[in-house]
Structures are given as structure tokens and as C-alpha cells.
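Presented below is the structure to which this report refers.
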Amino acid sequence: MKVADILEVDGCQLVEPSFAELTIDTAPVFQTAPDEARLLVDEDEEPLALALHDDGGWQASSFLFRDPTLAAIECFEAVGGDIYQESRAAWLSAVREYYSMEILATVAPALEDLRPDREGKLRDLIGEVWGNRAGTLCLDCCCGSGVGTAALRAGGVRALAYDNDPALLALGLSKGRLVPEDTMCIDAREASRYIVPVPLGVAFMAGEIYSYNAGLWKPIVTGLLALTDEALITVGTEAEAARVEEWCAGEGRDVRVFENGRDPIYDRWCCVTRRV
């Protein structure tokens, strides 16, 4: 379901410039003089969004990751707006789709980076590690152009993907590997601001992880661990796997490292970790 469909309007622009900026206050939208307003609340009657209409059409600000300001409430009350209700999950999916489609429309896709056999090899690896997890929700951390998401979906797993490279996301969306309503362009170090914990998580070909950039990758990995009960992290070298293993152990996780012989380049070393 699309943003405009939920609000029951002909068209609607979200005022936040990007999904990642949904945590930022957008007070200027409430300084307009609207002639109509719609407040969207969730199943617990908590505010989800405020949509305002003026001569320029409908604009909406989302409260998925922050509380509404007093200015927003006063603006709604001054107009005498209407209240609409939708589940938080449905609105979140619609908002993710909105920004994904914006990326697809405005960002030039990266060059194709997928080897034809890599998805199949990942499917085999996922099956070896987890067996049949059809219907389970899994985070695809640093998803790139979505080969991991495609492999997970092929096994019936719903993948919630995120990366901070819009060109790679545009490629994955254009190829159908990434699903618009389940894709986010965010900094993986800040994932907990946008995502609630789920059962599974993956990070395929994390890195390259060296001593000089370990400070970047450690919060990405530990952030994924904090959001998942079980995680599969692959890297290219044994030294990288040792670092990931250390980070997992430091978070009090059970961790197993093994060499994956399916491909001499990609996903060569695997770290499988779970909560103790």
C-alpha cells in the first residue's frame, strides 16, 4: 500500500528529504497555512504522520522515529483535521517504498556487480547454516545491490535490507533483487534507530576489514548483532573472520567460524553467531 493510498489522497509528498532523515524534526512544514489536515495514528492511537494540504497539494511529515512536535499538533487542531488509522507496520512499509522509488527515479544505478552463480552459492550457504527458515524475518546488513536479499527471498525468508550507497540500491531495485517496501538507505551504524530486533541477520562480504578501518566496521557488526538472535557474516579472508569472531565474542555471543569452499573470492570465511 502506498503513502497516498493510506492517507486517501490523490498524491502526497513526504517532506523529509530521505528515509535516513526521518529522525529529524521538519518544523517548517507546520509553518504553512493549510486548508485541510489529516493525522494518521497507529493501532495504539499513537501519531504516525501529519499530512497538510494547501495550494501546492498534500505534504506529510512522518513520526515513525520521533515524537510529533507541539507545533504539529497545534497546526492540526487549528485546521480541525480528520484522523485516519493504519497499522505502524503498514505505514513503515509504505514509507520505505516511497523513498526506495525516489532512489530508483533519481539515482543512476551502479554498474552490475553480480556474478551469475553467486546467488545460488549464497542459497546453498544459507541452507547449510540455517536450513529451512521460510517465513522468518532477516536483516540484510550492507546489502549492496541485493544479492543476499535475493538469495534469502528464494528460500522464503523475508529480507529487510539496508545500505548507505544509493547507486547500489538503485541497481538492486532496478534488477528486482531488492524489494522497495523492504529497503532502506541508512548508515548501518545507526540501524537501531530505524529497525526493531528480528530473528535473523546477514552481512555478506562485510569489509574489506583492516586494522585502519576496524573502527568503522565494528559498530556495523555489533549493531547487527544487537538487532538479531542469529547472524551469518561472511568475509574474504581468515584475518577478517578473526576480527569478526572477536567482536562477536565481545558481545557475549556464541560464534563459530568456518571456511566456505564454494567460491575462492566471495564469502570465503563465515562467522555464524547466536545469542547465548
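In the C-alpha cells, each chain is lettered A, B, ... as it comes, each chain's residues begin at 1, and ligands are numbered from 1 in order of appearance.
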**Message:** Using only C-alpha atoms, which protein or nucleic acid residues come within 10 Å of stretch 106-108 of chain A? Drop anything in the same chain fewer than 3 positions from it, and give the result as a ChimeraX atom specification.
**Reply:** /A:101-103,111,166-171
**Request:** Compile the contact shell of stretch 205-211 of chain A as a PyMOL selection string: residues with an atom at most 8 Å away, counting only C-alpha atoms, same-chain residues fewer than 5 positions apart removed.
**Result:** chain A and resi 142+217+233-236+240+266-267
**Request:** Go through A:Leu7, A:Ala90, A:Val157, A:Ala20 one by one, measure the shortest atom-to-atom distance of each to A:Ala49 using only C-alpha atoms, and give the residue with the smallest value.
**Result:**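 Of A:Leu7, A:Ala90, A:Val157, A:Ala20, the one nearest A:Ala49, counting only C-alpha atoms, is A:Leu7.
Picture a line from atom CA of A:Arg115 to atom CA of A:Gly135; it runs 26.8 Å.
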**Message:** Under the rule that only C-alpha atoms are counted, which of A:Arg274, A:Arg193, A:Arg243, A:Arg153 is the nearest residue to A:Glu119?
**Reply:**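 So, comparing all the options, the nearest one is A:Arg153.
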**Asked** What lies within 12 Å of A:Arg66 using only C-alpha atoms, ignoring chain neighbours under 4 positions off, as a ChimeraX atom specification?
**Response** /A:21-26,46-49,61-62,193-194
**Shortest interatomic distance to A:Arg262 - which of A:Leu40, A:Leu70, A:Ala249, A:Leu122, counting only C-alpha atoms** = A:Leu122
**Request:** as a list of chain:residue names, list the residues of stretch 46-181 of chain A assigned to strand (DSSP E) by DSSP on the backbone atoms of this structure.
**Result:** A:Pro47, A:Leu48, A:Ala49, A:Leu50, A:Ala51, A:Leu52, A:His53, A:Asp54, A:Gly57, A:Trp58, A:Gln59, A:Ala60, A:Ser61, A:Ser62, A:Asp82, A:Ile83, A:Tyr84, A:Gln85, A:Leu137, A:Cys138, A:Leu139, A:Asp140, A:Cys141, A:Arg158, A:Ala159, A:Leu160, A:Ala161, A:Tyr162, A:Asp163
**Request:** Tell me which of A:Leu52, A:Val221, A:Ala71, A:Ala33 sits closest to A:Val9, counting only C-alpha atoms.
**Result:** A:Leu52
Test item: residues at most 6 Å from A:Gly146, only C-alpha atoms, excluding those fewer than 6 positions along its chain, as a tab-separated table (two decimals) with N, CA, C and O atoms, in the first residue's frame:
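Output (result-v6.tsv):
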chain	number	residue	atom	x	y	z
A	172	GLY	N	20.04	-2.66	-7.39
A	172	GLY	CA	19.28	-3.79	-6.86
A	172	GLY	C	17.79	-3.63	-7.06
A	172	GLY	O	17.08	-4.60	-7.38
A	177	ARG	N	16.10	-7.38	-7.36
A	177	ARG	CA	16.68	-8.13	-6.25
A	177	ARG	C	16.27	-7.54	-4.91
A	177	ARG	O	16.14	-8.26	-3.92
A	178	LEU	N	16.10	-6.23	-4.88
A	178	LEU	CA	15.65	-5.54	-3.68
A	178	LEU	C	14.17	-5.18	-3.82
A	178	LEU	O	13.71	-4.80	-4.89
Write out as a tab-separated table (two decimals) with N, CA, C and O atoms, in the first residue's frame the residues lying within 9 Å of A:Thr273, counting only C-alpha atoms and excluding same-chain residues fewer than 3 positions away.
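The resulting file, out_4.tsv, is reproduced below:
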chain	number	residue	atom	x	y	z
A	225	LEU	N	24.41	-7.47	15.41
A	225	LEU	CA	24.26	-8.45	16.48
A	225	LEU	C	23.18	-8.02	17.47
A	225	LEU	O	22.39	-8.84	17.95
A	229	ASP	N	18.87	-12.39	16.75
A	229	ASP	CA	19.17	-13.54	17.61
A	229	ASP	C	20.27	-14.41	17.01
A	229	ASP	O	21.09	-14.97	17.73
A	230	GLU	N	20.26	-14.54	15.69
A	230	GLU	CA	21.27	-15.32	14.98
A	230	GLU	C	21.75	-14.51	13.79
A	230	GLU	O	20.95	-13.81	13.14
A	231	ALA	N	23.04	-14.61	13.49
A	231	ALA	CA	23.58	-13.86	12.36
A	231	ALA	C	24.62	-14.68	11.61
A	231	ALA	O	25.34	-15.49	12.21
A	232	LEU	N	24.67	-14.46	10.30
A	232	LEU	CA	25.67	-15.07	9.42
A	232	LEU	C	26.43	-13.94	8.76
A	232	LEU	O	25.84	-13.12	8.04
A	233	ILE	N	27.73	-13.86	9.02
A	233	ILE	CA	28.58	-12.79	8.49
A	233	ILE	C	29.69	-13.44	7.68
A	233	ILE	O	30.39	-14.33	8.19
A	245	GLU	N	35.01	-12.56	14.65
A	245	GLU	CA	34.85	-13.51	15.74
A	245	GLU	C	35.11	-12.83	17.09
A	245	GLU	O	34.37	-13.04	18.07
A	248	CYS	N	32.17	-10.60	17.97
A	248	CYS	CA	31.01	-11.40	18.40
A	248	CYS	C	31.20	-11.89	19.84
A	248	CYS	O	30.29	-11.80	20.67
A	249	ALA	N	32.38	-12.41	20.12
A	249	ALA	CA	32.67	-12.91	21.47
A	249	ALA	C	32.59	-11.78	22.48
A	249	ALA	O	32.11	-11.97	23.62
A	253	ARG	N	28.38	-13.41	22.54
A	253	ARG	CA	27.69	-14.30	21.61
A	253	ARG	C	28.48	-15.59	21.42
A	253	ARG	O	29.71	-15.60	21.45
A	254	ASP	N	27.75	-16.66	21.21
A	254	ASP	CA	28.35	-17.90	20.75
A	254	ASP	C	28.70	-17.71	19.27
A	254	ASP	O	27.89	-17.19	18.50
A	255	VAL	N	29.91	-18.12	18.86
A	255	VAL	CA	30.32	-17.88	17.48
A	255	VAL	C	31.11	-19.07	16.96
A	255	VAL	O	31.90	-19.68	17.68
A	256	ARG	N	30.86	-19.39	15.70
A	256	ARG	CA	31.57	-20.48	15.01
A	256	ARG	C	32.09	-19.94	13.69
A	256	ARG	O	31.37	-19.28	12.95
A	257	VAL	N	33.36	-20.21	13.40
A	257	VAL	CA	34.00	-19.75	12.17
A	257	VAL	C	34.37	-20.95	11.32
A	257	VAL	O	34.90	-21.94	11.83
**Message:** I'd like the contact shell of stretch 125-129 of chain A - 8 Å cut-off, only C-alpha atoms, skipping same-chain residues fewer than 3 positions apart - returned as a ChimeraX atom specification.
**Reply:** /A:121-122,132,152,272
**Message:** I'd like to know which residues of stretch 127-180 of chain A are helix (DSSP H, G or I) (by DSSP, run on the backbone); could you write them as a list in words?
**Reply:**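 The helix (DSSP H, G or I) subset of stretch 127-180 of chain A is Gly127, Glu128, Val129, Trp130, Val147, Gly148, Thr149, Ala150, Ala151, Leu152, Arg153, Ala154, Pro166, Ala167, Leu168, Leu169, Ala170, Leu171, Gly172, Leu173, Ser174, Lys175 and Pro180 of chain A.
With atom CA of A:Asp35 on one side and atom CA of A:Cys75 on the other, the separation reads 10.5 Å.
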**Message:** Ranking A:Ala4, A:Ala60, A:Phe65, A:Val79 by minimum distance to A:Glu36 and counting only C-alpha atoms, which one comes first?
**Reply:**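 Among the listed residues, the smallest separation from A:Glu36 belongs to A:Val79.
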**Asked** Could you name the residues that touch A:Tyr162 at 6 Å or less, counting only C-alpha atoms, but leaving out those on the same chain fewer than 6 positions away, as a list in words?
**Response**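 Using only C-alpha atoms, the neighbours found are Cys141, Cys142, Cys143, Thr183, Met184 and Cys185 of chain A.
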**Item:** Given only C-alpha atoms as the counted atoms, nearest of A:Ala134, A:Leu139, A:Val202, A:Val3 to A:Glu86
**Value:**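 For A:Glu86, the nearest of the given residues is A:Val3.
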